[in-house]
>>> print(open('my_file.pdb').read())   # PDB, C-alpha atoms, pLDDT in the B column
ATOM      1  CA  MET A 649      50.977 116.027 116.303  1.00 85.00           C
ATOM      2  CA  THR A 650      53.726 117.991 118.042  1.00 89.00           C
ATOM      3  CA  GLY A 651      55.744 114.787 118.395  1.00 89.00           C
ATOM      4  CA  LEU A 652      55.622 114.230 114.620  1.00 87.00           C
ATOM      5  CA  ILE A 653      56.852 117.765 113.959  1.00 90.00           C
ATOM      6  CA  VAL A 654      59.728 117.349 116.423  1.00 90.00           C
ATOM      7  CA  ALA A 655      60.628 113.987 114.881  1.00 89.00           C
ATOM      8  CA  GLY A 656      60.520 115.466 111.371  1.00 89.00           C
ATOM      9  CA  VAL A 657      62.702 118.416 112.313  1.00 90.00           C
ATOM     10  CA  THR A 658      65.169 116.083 114.046  1.00 92.00           C
ATOM     11  CA  ILE A 659      65.413 113.843 110.984  1.00 92.00           C
ATOM     12  CA  VAL A 660      65.936 116.803 108.650  1.00 91.00           C
ATOM     13  CA  ALA A 661      68.616 118.262 110.957  1.00 90.00           C
ATOM     14  CA  ALA A 662      70.389 114.898 111.141  1.00 89.00           C
ATOM     15  CA  VAL A 663      70.380 114.568 107.340  1.00 88.00           C
ATOM     16  CA  VAL A 664      71.763 118.105 106.901  1.00 86.00           C
ATOM     17  CA  VAL A 665      74.525 117.506 109.457  1.00 82.00           C
ATOM     18  CA  GLY A 666      75.367 114.182 107.811  1.00 79.00           C
ATOM     19  CA  LEU A 667      75.609 115.782 104.364  1.00 78.00           C
ATOM     20  CA  VAL A 668      77.842 118.577 105.662  1.00 76.00           C
ATOM     21  CA  VAL A 669      80.190 116.119 107.400  1.00 73.00           C
ATOM     22  CA  ARG A 670      80.261 113.919 104.307  1.00 71.00           C
ATOM     23  CA  SER A 671      81.081 116.848 102.017  1.00 69.00           C
ATOM     24  CA  ARG A 672      83.994 117.902 104.263  1.00 67.00           C
ATOM     25  CA  ASN A 673      85.467 114.399 104.581  1.00 68.00           C
ATOM     26  CA  GLY A 674      88.839 114.175 102.845  1.00 69.00           C
ATOM     27  CA  ARG A 675      88.783 117.809 101.712  1.00 70.00           C
ATOM     28  CA  ILE A 676      92.172 119.502 101.732  1.00 74.00           C
ATOM     29  CA  ARG A 677      92.383 122.869 103.443  1.00 70.00           C
ATOM     30  CA  THR A 678      95.539 124.892 103.010  1.00 74.00           C
ATOM     31  CA  SER A 679      96.841 126.581 106.123  1.00 70.00           C
ATOM     32  CA  GLY A 680      97.343 130.298 105.644  1.00 60.00           C
ATOM     33  CA  ASP A 681      99.956 130.786 102.954  1.00 49.00           C
ATOM     34  CA  GLY A 682     101.631 127.488 103.868  1.00 42.00           C
ATOM     35  CA  GLY A 683     104.981 129.154 104.305  1.00 43.00           C
ATOM     36  CA  THR A 684     105.167 130.213 100.688  1.00 39.00           C
ATOM     37  CA  VAL A 685     106.938 133.411  99.855  1.00 32.00           C
ATOM     38  CA  THR A 686     104.766 136.267  98.751  1.00 31.00           C
ATOM     39  CA  SER A 687     107.526 138.876  98.657  1.00 30.00           C
ATOM     40  CA  ALA A 688     111.156 138.278  99.387  1.00 32.00           C
ATOM     41  CA  ALA A 689     113.360 140.663 101.259  1.00 33.00           C
ATOM     42  CA  PRO A 690     116.981 141.317 100.266  1.00 34.00           C
ATOM     43  CA  GLY A 691     119.191 138.275 100.775  1.00 35.00           C
ATOM     44  CA  GLY A 692     116.494 135.816  99.708  1.00 35.00           C
ATOM     45  CA  ARG A 693     114.673 135.791 103.083  1.00 33.00           C
ATOM     46  CA  ALA A 694     110.943 136.182 103.101  1.00 37.00           C
ATOM     47  CA  GLN A 695     109.509 139.135 104.918  1.00 34.00           C
ATOM     48  CA  ASP A 696     107.344 136.852 107.020  1.00 40.00           C
ATOM     49  CA  GLY A 697     110.393 135.035 108.472  1.00 42.00           C
ATOM     50  CA  VAL A 698     110.175 132.034 106.170  1.00 45.00           C
ATOM     51  CA  ALA A 699     112.873 131.408 103.597  1.00 47.00           C
ATOM     52  CA  PRO A 700     111.962 130.542 100.020  1.00 43.00           C
ATOM     53  CA  ASP A 701     112.678 126.879 100.841  1.00 45.00           C
ATOM     54  CA  GLY A 702     110.104 126.918 103.683  1.00 46.00           C
ATOM     55  CA  VAL A 703     112.650 126.934 106.516  1.00 48.00           C
ATOM     56  CA  SER A 704     111.696 129.207 109.385  1.00 48.00           C
ATOM     57  CA  ALA A 705     114.278 131.910 110.039  1.00 48.00           C
ATOM     58  CA  ASP A 706     113.886 131.764 113.809  1.00 50.00           C
ATOM     59  CA  GLY A 707     112.476 128.292 114.490  1.00 64.00           C
ATOM     60  CA  ALA A 708     109.295 129.818 115.932  1.00 75.00           C
ATOM     61  CA  ALA A 709     107.051 127.435 114.014  1.00 79.00           C
ATOM     62  CA  LEU A 710     108.615 124.366 115.623  1.00 81.00           C
ATOM     63  CA  ALA A 711     108.680 125.947 119.077  1.00 81.00           C
ATOM     64  CA  GLY A 712     104.928 126.545 118.969  1.00 85.00           C
ATOM     65  CA  LEU A 713     104.042 122.891 118.357  1.00 90.00           C
ATOM     66  CA  PRO A 714     103.218 120.255 120.983  1.00 91.00           C
ATOM     67  CA  ALA A 715     106.291 118.208 121.979  1.00 90.00           C
ATOM     68  CA  ASP A 716     105.100 114.978 120.305  1.00 91.00           C
ATOM     69  CA  VAL A 717     104.562 116.767 116.996  1.00 90.00           C
ATOM     70  CA  ARG A 718     107.878 118.610 117.294  1.00 90.00           C
ATOM     71  CA  ASP A 719     109.647 115.282 117.950  1.00 89.00           C
ATOM     72  CA  ALA A 720     107.964 113.752 114.897  1.00 87.00           C
ATOM     73  CA  LEU A 721     109.177 116.619 112.711  1.00 88.00           C
ATOM     74  CA  THR A 722     112.735 116.650 113.997  1.00 86.00           C
ATOM     75  CA  GLY A 723     113.179 112.897 113.593  1.00 81.00           C
ATOM     76  CA  GLU A 724     113.945 111.515 110.148  1.00 83.00           C
ATOM     77  CA  PRO A 725     114.448 114.438 107.715  1.00 82.00           C
ATOM     78  CA  ALA A 726     111.848 114.970 104.993  1.00 88.00           C
ATOM     79  CA  ASP A 727     110.636 117.901 102.922  1.00 90.00           C
ATOM     80  CA  VAL A 728     107.077 117.273 104.115  1.00 93.00           C
ATOM     81  CA  THR A 729     105.893 115.243 107.102  1.00 93.00           C
ATOM     82  CA  LEU A 730     102.287 114.063 107.250  1.00 95.00           C
ATOM     83  CA  VAL A 731     101.265 113.936 110.909  1.00 95.00           C
ATOM     84  CA  GLN A 732      98.126 111.845 111.283  1.00 95.00           C
ATOM     85  CA  LEU A 733      96.166 112.278 114.504  1.00 95.00           C
ATOM     86  CA  SER A 734      94.098 109.193 115.202  1.00 95.00           C
ATOM     87  CA  THR A 735      92.429 107.296 118.020  1.00 94.00           C
ATOM     88  CA  THR A 736      92.431 103.648 118.991  1.00 91.00           C
ATOM     89  CA  PHE A 737      88.911 102.668 117.911  1.00 91.00           C
ATOM     90  CA  CYS A 738      88.637 104.865 114.809  1.00 91.00           C
ATOM     91  CA  ALA A 739      87.935 102.761 111.702  1.00 92.00           C
ATOM     92  CA  PRO A 740      88.633 105.559 109.178  1.00 94.00           C
ATOM     93  CA  CYS A 741      91.971 106.118 110.979  1.00 94.00           C
ATOM     94  CA  ARG A 742      93.136 102.665 109.899  1.00 95.00           C
ATOM     95  CA  GLN A 743      92.147 103.392 106.309  1.00 94.00           C
ATOM     96  CA  ALA A 744      93.936 106.768 106.382  1.00 94.00           C
ATOM     97  CA  ARG A 745      97.037 105.163 107.959  1.00 96.00           C
ATOM     98  CA  ALA A 746      97.242 102.545 105.192  1.00 95.00           C
ATOM     99  CA  LEU A 747      96.822 105.161 102.457  1.00 95.00           C
ATOM    100  CA  LEU A 748      99.302 107.654 103.925  1.00 95.00           C
ATOM    101  CA  THR A 749     101.919 104.972 104.623  1.00 95.00           C
ATOM    102  CA  HIS A 750     101.557 103.736 101.041  1.00 95.00           C
ATOM    103  CA  VAL A 751     101.909 107.255  99.609  1.00 94.00           C
ATOM    104  CA  ALA A 752     104.883 108.182 101.824  1.00 93.00           C
ATOM    105  CA  GLU A 753     106.764 104.986 100.963  1.00 93.00           C
ATOM    106  CA  ARG A 754     106.464 105.753  97.272  1.00 92.00           C
ATOM    107  CA  THR A 755     107.042 109.513  97.275  1.00 91.00           C
ATOM    108  CA  ASP A 756     110.483 111.052  97.673  1.00 89.00           C
ATOM    109  CA  GLY A 757     110.687 113.736 100.366  1.00 90.00           C
ATOM    110  CA  LEU A 758     107.449 112.653 102.069  1.00 92.00           C
ATOM    111  CA  ARG A 759     107.169 111.023 105.482  1.00 93.00           C
ATOM    112  CA  HIS A 760     104.162 109.789 107.480  1.00 95.00           C
ATOM    113  CA  VAL A 761     103.908 109.761 111.281  1.00 94.00           C
ATOM    114  CA  ASP A 762     100.841 108.480 113.134  1.00 94.00           C
ATOM    115  CA  LEU A 763     100.125 109.967 116.575  1.00 94.00           C
ATOM    116  CA  ASP A 764      97.504 108.232 118.709  1.00 94.00           C
ATOM    117  CA  VAL A 765      95.747 110.966 120.681  1.00 94.00           C
ATOM    118  CA  THR A 766      93.459 108.631 122.643  1.00 93.00           C
ATOM    119  CA  ASP A 767      95.448 109.188 125.832  1.00 92.00           C
ATOM    120  CA  LYS A 768      96.825 112.594 124.820  1.00 92.00           C
ATOM    121  CA  PRO A 769      93.816 114.778 123.967  1.00 92.00           C
ATOM    122  CA  GLY A 770      95.880 117.893 124.688  1.00 93.00           C
ATOM    123  CA  ILE A 771      97.704 117.441 121.382  1.00 93.00           C
ATOM    124  CA  ALA A 772      94.427 117.522 119.461  1.00 93.00           C
ATOM    125  CA  ARG A 773      93.235 120.520 121.488  1.00 93.00           C
ATOM    126  CA  ASP A 774      96.476 122.440 120.925  1.00 93.00           C
ATOM    127  CA  LEU A 775      96.297 121.819 117.173  1.00 93.00           C
ATOM    128  CA  GLY A 776      92.578 122.633 116.900  1.00 91.00           C
ATOM    129  CA  VAL A 777      91.629 119.117 115.809  1.00 91.00           C
ATOM    130  CA  LEU A 778      87.978 118.229 116.381  1.00 89.00           C
ATOM    131  CA  ARG A 779      87.789 114.802 114.729  1.00 90.00           C
ATOM    132  CA  THR A 780      89.927 111.859 113.797  1.00 91.00           C
ATOM    133  CA  PRO A 781      91.521 111.071 111.516  1.00 94.00           C
ATOM    134  CA  THR A 782      93.011 114.481 110.823  1.00 94.00           C
ATOM    135  CA  THR A 783      96.211 114.704 108.836  1.00 94.00           C
ATOM    136  CA  ILE A 784      98.363 117.824 109.001  1.00 95.00           C
ATOM    137  CA  ALA A 785     101.210 118.336 106.521  1.00 94.00           C
ATOM    138  CA  TYR A 786     104.204 120.191 107.939  1.00 93.00           C
ATOM    139  CA  ALA A 787     107.257 121.595 106.194  1.00 91.00           C
ATOM    140  CA  ARG A 788     110.628 120.685 107.668  1.00 87.00           C
ATOM    141  CA  SER A 789     110.577 124.004 109.572  1.00 88.00           C
ATOM    142  CA  GLY A 790     107.321 123.184 111.369  1.00 90.00           C
ATOM    143  CA  VAL A 791     105.177 125.441 109.205  1.00 92.00           C
ATOM    144  CA  GLU A 792     101.737 123.917 108.657  1.00 92.00           C
ATOM    145  CA  LEU A 793     101.066 123.492 104.950  1.00 93.00           C
ATOM    146  CA  LEU A 794      97.624 121.901 104.879  1.00 93.00           C
ATOM    147  CA  ARG A 795      95.248 119.708 106.831  1.00 91.00           C
ATOM    148  CA  VAL A 796      92.725 117.055 105.916  1.00 92.00           C
ATOM    149  CA  SER A 797      89.866 115.857 108.120  1.00 90.00           C
ATOM    150  CA  GLY A 798      88.864 112.316 107.306  1.00 91.00           C
ATOM    151  CA  VAL A 799      90.531 109.995 104.827  1.00 93.00           C
ATOM    152  CA  PRO A 800      92.410 112.026 102.206  1.00 92.00           C
ATOM    153  CA  LYS A 801      92.067 111.421  98.508  1.00 91.00           C
ATOM    154  CA  GLN A 802      95.459 110.246  97.261  1.00 91.00           C
ATOM    155  CA  GLU A 803      95.746 112.220  94.014  1.00 91.00           C
ATOM    156  CA  GLU A 804      94.388 115.444  95.540  1.00 91.00           C
ATOM    157  CA  LEU A 805      96.849 115.176  98.430  1.00 92.00           C
ATOM    158  CA  LEU A 806      99.815 114.575  96.120  1.00 90.00           C
ATOM    159  CA  ALA A 807      98.777 117.437  93.849  1.00 90.00           C
ATOM    160  CA  ALA A 808      98.565 119.801  96.827  1.00 91.00           C
ATOM    161  CA  LEU A 809     101.982 118.704  98.147  1.00 90.00           C
ATOM    162  CA  GLU A 810     103.782 118.556  94.796  1.00 89.00           C
ATOM    163  CA  PRO A 811     105.229 122.109  94.967  1.00 87.00           C
ATOM    164  CA  ARG A 812     106.791 121.344  98.384  1.00 86.00           C
ATOM    165  CA  LEU A 813     108.439 118.054  97.456  1.00 83.00           C
ATOM    166  CA  SER A 814     111.966 118.551  96.147  1.00 69.00           C
ATOM    167  CA  GLY A 815     112.488 115.087  94.709  1.00 57.00           C
ATOM    168  CA  ALA A 816     110.781 113.730  91.669  1.00 48.00           C
ATOM    169  CA  ARG A 817     107.629 111.847  92.523  1.00 51.00           C
ATOM    170  CA  ARG A 818     108.022 108.112  92.172  1.00 51.00           C
ATOM    171  CA  PRO A 819     105.178 106.401  90.366  1.00 49.00           C
ATOM    172  CA  ILE A 820     102.397 105.339  92.663  1.00 49.00           C
ATOM    173  CA  ALA A 821     100.437 102.231  91.872  1.00 50.00           C
ATOM    174  CA  GLU A 822      96.760 102.772  91.314  1.00 49.00           C
ATOM    175  CA  ARG A 823      94.254 101.419  93.760  1.00 47.00           C
ATOM    176  CA  PRO A 824      91.857  98.889  92.275  1.00 43.00           C
ATOM    177  CA  GLU A 825      88.204  98.812  93.261  1.00 48.00           C
ATOM    178  CA  GLY A 826      89.040  96.695  96.338  1.00 49.00           C
ATOM    179  CA  GLY A 827      91.092  99.591  97.743  1.00 52.00           C
ATOM    180  CA  ARG A 828      94.408  97.722  98.107  1.00 51.00           C
ATOM    181  CA  PRO A 829      97.398  99.126  96.211  1.00 51.00           C
ATOM    182  CA  THR A 830      98.994  97.104  93.476  1.00 49.00           C
ATOM    183  CA  GLU A 831     102.713  96.911  92.848  1.00 45.00           C
TER     184      GLU A 831
END
>>> encode(input="my_file.pdb", output="structure tokens")
Amino acid sequence: MTGLIVAGVTIVAAVVVGLVVRSRNGRIRTSGDGGTVTSAAPGGRAQDGVAPDGVSADGAALAGLPADVRDALTGEPADVTLVQLSTTFCAPCRQARALLTHVAERTDGLRHVDLDVTDKPGIARDLGVLRTPTTIAYARSGVELLRVSGVPKQEELLAALEPRLSGARRPIAERPEGGRPTE
């Protein structure tokens, strides 16, 4: 009888954990104030050291990032860089990579960089990432704007990033039921 109770409790716990993980998958979480200005000081600088355009006054945001992430942000210029942390054998990582590449190619001011953390777990640890795929959106200055655990939902991601993208959004083809984008 005790074995049945233990088995029942284990099954219920597993279902609860599964539902929690499922509900959090693809959910966008903004990071702090995302570098937005809450009150500007004289001269147009924000009191928190971030200019109205999201550029850090002292470069502290970039300096605090792991080297691989910093290199990704200082490469090709973009208003927002989506840094995807993935691992070699992660199936959802491939799905997220395809979606984010598709979105970045069709959105002005948006760039996607995929970092494989299989052999570099320190990057994930330093960024507080507990699962893959995790996508972190950074402003040009290195300020974290938002993060998504799991495969992001395209329209929700674009809506959350829209205020940070300077260029007009190019039309993005809808995804049919099969999941592949159309042109």
>>> closest_residue(input="my_file.pdb", among="A:Ala655, A:Val728, A:Val796, A:Ala720", to="Gly757 (chain A)", atoms="all atoms listed in the file")
A:Val728
>>> residues_around(input="my_file.pdb", residues="Ile784 (chain A)", least_positions_apart="3", cutoff="6 Å", atoms="only C-alpha atoms", output="list in words")
Leu730, Val731, Leu794 and Arg795 of chain A
>>> atom_distance(input="my_file.pdb", atom1="CA of Asp767 (chain A)", atom2="CA of Ser797 (chain A)")
19.7 Å
>>> resolve_selection(input="my_file.pdb", expression="the PyMOL selection byres ((chain A and resi 736-750) around 8)", output="list in words")
Leu730, Gln732, Ser734, Thr735, Val751, Ala752, Glu753, Arg754, His760, Asp762, Asp764, Thr766, Thr780, Pro781, Gly798, Val799, Pro800, Gln802 and Pro829 of chain A
>>> closest_residue(input="my_file.pdb", among="A:Asp774, A:Asp719, A:Glu792, A:Asp756", to="Glu810 (chain A)", atoms="only C-alpha atoms")
A:Asp756
>>> residues_near_point(input="my_file.pdb", point="(104.1, 125.8, 119.3)", cutoff="12 Å", atoms="all atoms listed in the file", output="PyMOL selection string")
chain A and resi 707-719+771+774-775+789-792
>>> atom_distance(input="my_file.pdb", atom1="CA of Pro811 (chain A)", atom2="CA of Val765 (chain A)")
29.6 Å
>>> closest_residue(input="my_file.pdb", among="A:Val668, A:Leu806, A:Leu733, A:Leu813", to="Leu763 (chain A)", atoms="only C-alpha atoms")
A:Leu733
>>> atom_distance(input="my_file.pdb", atom1="CA of Thr729 (chain A)", atom2="CA of Leu793 (chain A)")
9.8 Å
>>> closest_residue(input="my_file.pdb", among="A:Leu667, A:Leu805, A:Val777, A:Met649", to="Thr755 (chain A)", atoms="only C-alpha atoms")
A:Leu805
>>> build_atoms(input="my_file.pdb", residues="region 732-753 of chain A", atoms="N, CA, C and O atoms", output="PDB file, in the coordinates of the input")
ATOM      1  N   GLN A 732      99.501 112.309 111.187  1.00 95.00           N
ATOM      2  CA  GLN A 732      98.126 111.845 111.283  1.00 95.00           C
ATOM      3  C   GLN A 732      97.753 111.725 112.754  1.00 95.00           C
ATOM      4  O   GLN A 732      98.423 111.039 113.512  1.00 95.00           O
ATOM      5  N   LEU A 733      96.694 112.393 113.150  1.00 95.00           N
ATOM      6  CA  LEU A 733      96.166 112.278 114.504  1.00 95.00           C
ATOM      7  C   LEU A 733      95.006 111.301 114.457  1.00 95.00           C
ATOM      8  O   LEU A 733      94.043 111.503 113.716  1.00 95.00           O
ATOM      9  N   SER A 734      95.119 110.227 115.224  1.00 95.00           N
ATOM     10  CA  SER A 734      94.098 109.193 115.202  1.00 95.00           C
ATOM     11  C   SER A 734      93.819 108.714 116.614  1.00 95.00           C
ATOM     12  O   SER A 734      94.485 109.109 117.557  1.00 95.00           O
ATOM     13  N   THR A 735      92.791 107.880 116.735  1.00 94.00           N
ATOM     14  CA  THR A 735      92.429 107.296 118.020  1.00 94.00           C
ATOM     15  C   THR A 735      92.344 105.783 117.865  1.00 94.00           C
ATOM     16  O   THR A 735      92.241 105.261 116.755  1.00 94.00           O
ATOM     17  N   THR A 736      92.349 105.102 118.976  1.00 91.00           N
ATOM     18  CA  THR A 736      92.431 103.648 118.991  1.00 91.00           C
ATOM     19  C   THR A 736      91.288 102.965 118.238  1.00 91.00           C
ATOM     20  O   THR A 736      91.521 102.059 117.451  1.00 91.00           O
ATOM     21  N   PHE A 737      90.060 103.385 118.465  1.00 91.00           N
ATOM     22  CA  PHE A 737      88.911 102.668 117.911  1.00 91.00           C
ATOM     23  C   PHE A 737      88.318 103.350 116.684  1.00 91.00           C
ATOM     24  O   PHE A 737      87.151 103.151 116.373  1.00 91.00           O
ATOM     25  N   CYS A 738      89.099 104.112 115.974  1.00 91.00           N
ATOM     26  CA  CYS A 738      88.637 104.865 114.809  1.00 91.00           C
ATOM     27  C   CYS A 738      88.876 104.037 113.544  1.00 91.00           C
ATOM     28  O   CYS A 738      90.017 103.839 113.139  1.00 91.00           O
ATOM     29  N   ALA A 739      87.798 103.570 112.920  1.00 92.00           N
ATOM     30  CA  ALA A 739      87.935 102.761 111.702  1.00 92.00           C
ATOM     31  C   ALA A 739      88.502 103.564 110.532  1.00 92.00           C
ATOM     32  O   ALA A 739      89.399 103.071 109.836  1.00 92.00           O
ATOM     33  N   PRO A 740      88.035 104.785 110.278  1.00 94.00           N
ATOM     34  CA  PRO A 740      88.633 105.559 109.178  1.00 94.00           C
ATOM     35  C   PRO A 740      90.118 105.859 109.407  1.00 94.00           C
ATOM     36  O   PRO A 740      90.868 106.056 108.457  1.00 94.00           O
ATOM     37  N   CYS A 741      90.555 105.872 110.682  1.00 94.00           N
ATOM     38  CA  CYS A 741      91.971 106.118 110.979  1.00 94.00           C
ATOM     39  C   CYS A 741      92.837 105.008 110.395  1.00 94.00           C
ATOM     40  O   CYS A 741      93.924 105.270 109.865  1.00 94.00           O
ATOM     41  N   ARG A 742      92.376 103.785 110.456  1.00 95.00           N
ATOM     42  CA  ARG A 742      93.136 102.665 109.899  1.00 95.00           C
ATOM     43  C   ARG A 742      93.240 102.790 108.376  1.00 95.00           C
ATOM     44  O   ARG A 742      94.289 102.536 107.786  1.00 95.00           O
ATOM     45  N   GLN A 743      92.152 103.201 107.755  1.00 94.00           N
ATOM     46  CA  GLN A 743      92.147 103.392 106.309  1.00 94.00           C
ATOM     47  C   GLN A 743      93.093 104.531 105.921  1.00 94.00           C
ATOM     48  O   GLN A 743      93.874 104.405 104.973  1.00 94.00           O
ATOM     49  N   ALA A 744      93.047 105.637 106.657  1.00 94.00           N
ATOM     50  CA  ALA A 744      93.936 106.768 106.382  1.00 94.00           C
ATOM     51  C   ALA A 744      95.392 106.364 106.603  1.00 94.00           C
ATOM     52  O   ALA A 744      96.272 106.724 105.811  1.00 94.00           O
ATOM     53  N   ARG A 745      95.672 105.611 107.663  1.00 96.00           N
ATOM     54  CA  ARG A 745      97.037 105.163 107.959  1.00 96.00           C
ATOM     55  C   ARG A 745      97.588 104.327 106.809  1.00 96.00           C
ATOM     56  O   ARG A 745      98.733 104.523 106.377  1.00 96.00           O
ATOM     57  N   ALA A 746      96.795 103.397 106.301  1.00 95.00           N
ATOM     58  CA  ALA A 746      97.242 102.545 105.192  1.00 95.00           C
ATOM     59  C   ALA A 746      97.529 103.383 103.945  1.00 95.00           C
ATOM     60  O   ALA A 746      98.560 103.197 103.287  1.00 95.00           O
ATOM     61  N   LEU A 747      96.643 104.314 103.632  1.00 95.00           N
ATOM     62  CA  LEU A 747      96.822 105.161 102.457  1.00 95.00           C
ATOM     63  C   LEU A 747      98.051 106.052 102.591  1.00 95.00           C
ATOM     64  O   LEU A 747      98.888 106.133 101.687  1.00 95.00           O
ATOM     65  N   LEU A 748      98.194 106.723 103.737  1.00 95.00           N
ATOM     66  CA  LEU A 748      99.302 107.654 103.925  1.00 95.00           C
ATOM     67  C   LEU A 748     100.647 106.940 103.982  1.00 95.00           C
ATOM     68  O   LEU A 748     101.646 107.443 103.458  1.00 95.00           O
ATOM     69  N   THR A 749     100.688 105.759 104.596  1.00 95.00           N
ATOM     70  CA  THR A 749     101.919 104.972 104.623  1.00 95.00           C
ATOM     71  C   THR A 749     102.304 104.575 103.203  1.00 95.00           C
ATOM     72  O   THR A 749     103.467 104.694 102.801  1.00 95.00           O
ATOM     73  N   HIS A 750     101.339 104.126 102.436  1.00 95.00           N
ATOM     74  CA  HIS A 750     101.557 103.736 101.041  1.00 95.00           C
ATOM     75  C   HIS A 750     102.100 104.911 100.228  1.00 95.00           C
ATOM     76  O   HIS A 750     103.081 104.780  99.493  1.00 95.00           O
ATOM     77  N   VAL A 751     101.492 106.072 100.366  1.00 94.00           N
ATOM     78  CA  VAL A 751     101.909 107.255  99.609  1.00 94.00           C
ATOM     79  C   VAL A 751     103.310 107.688 100.033  1.00 94.00           C
ATOM     80  O   VAL A 751     104.157 107.991  99.192  1.00 94.00           O
ATOM     81  N   ALA A 752     103.580 107.729 101.333  1.00 93.00           N
ATOM     82  CA  ALA A 752     104.883 108.182 101.824  1.00 93.00           C
ATOM     83  C   ALA A 752     106.009 107.244 101.395  1.00 93.00           C
ATOM     84  O   ALA A 752     107.109 107.701 101.083  1.00 93.00           O
ATOM     85  N   GLU A 753     105.739 105.948 101.373  1.00 93.00           N
ATOM     86  CA  GLU A 753     106.764 104.986 100.963  1.00 93.00           C
ATOM     87  C   GLU A 753     107.140 105.150  99.495  1.00 93.00           C
ATOM     88  O   GLU A 753     108.244 104.809  99.096  1.00 93.00           O
TER      89      GLU A 753
END
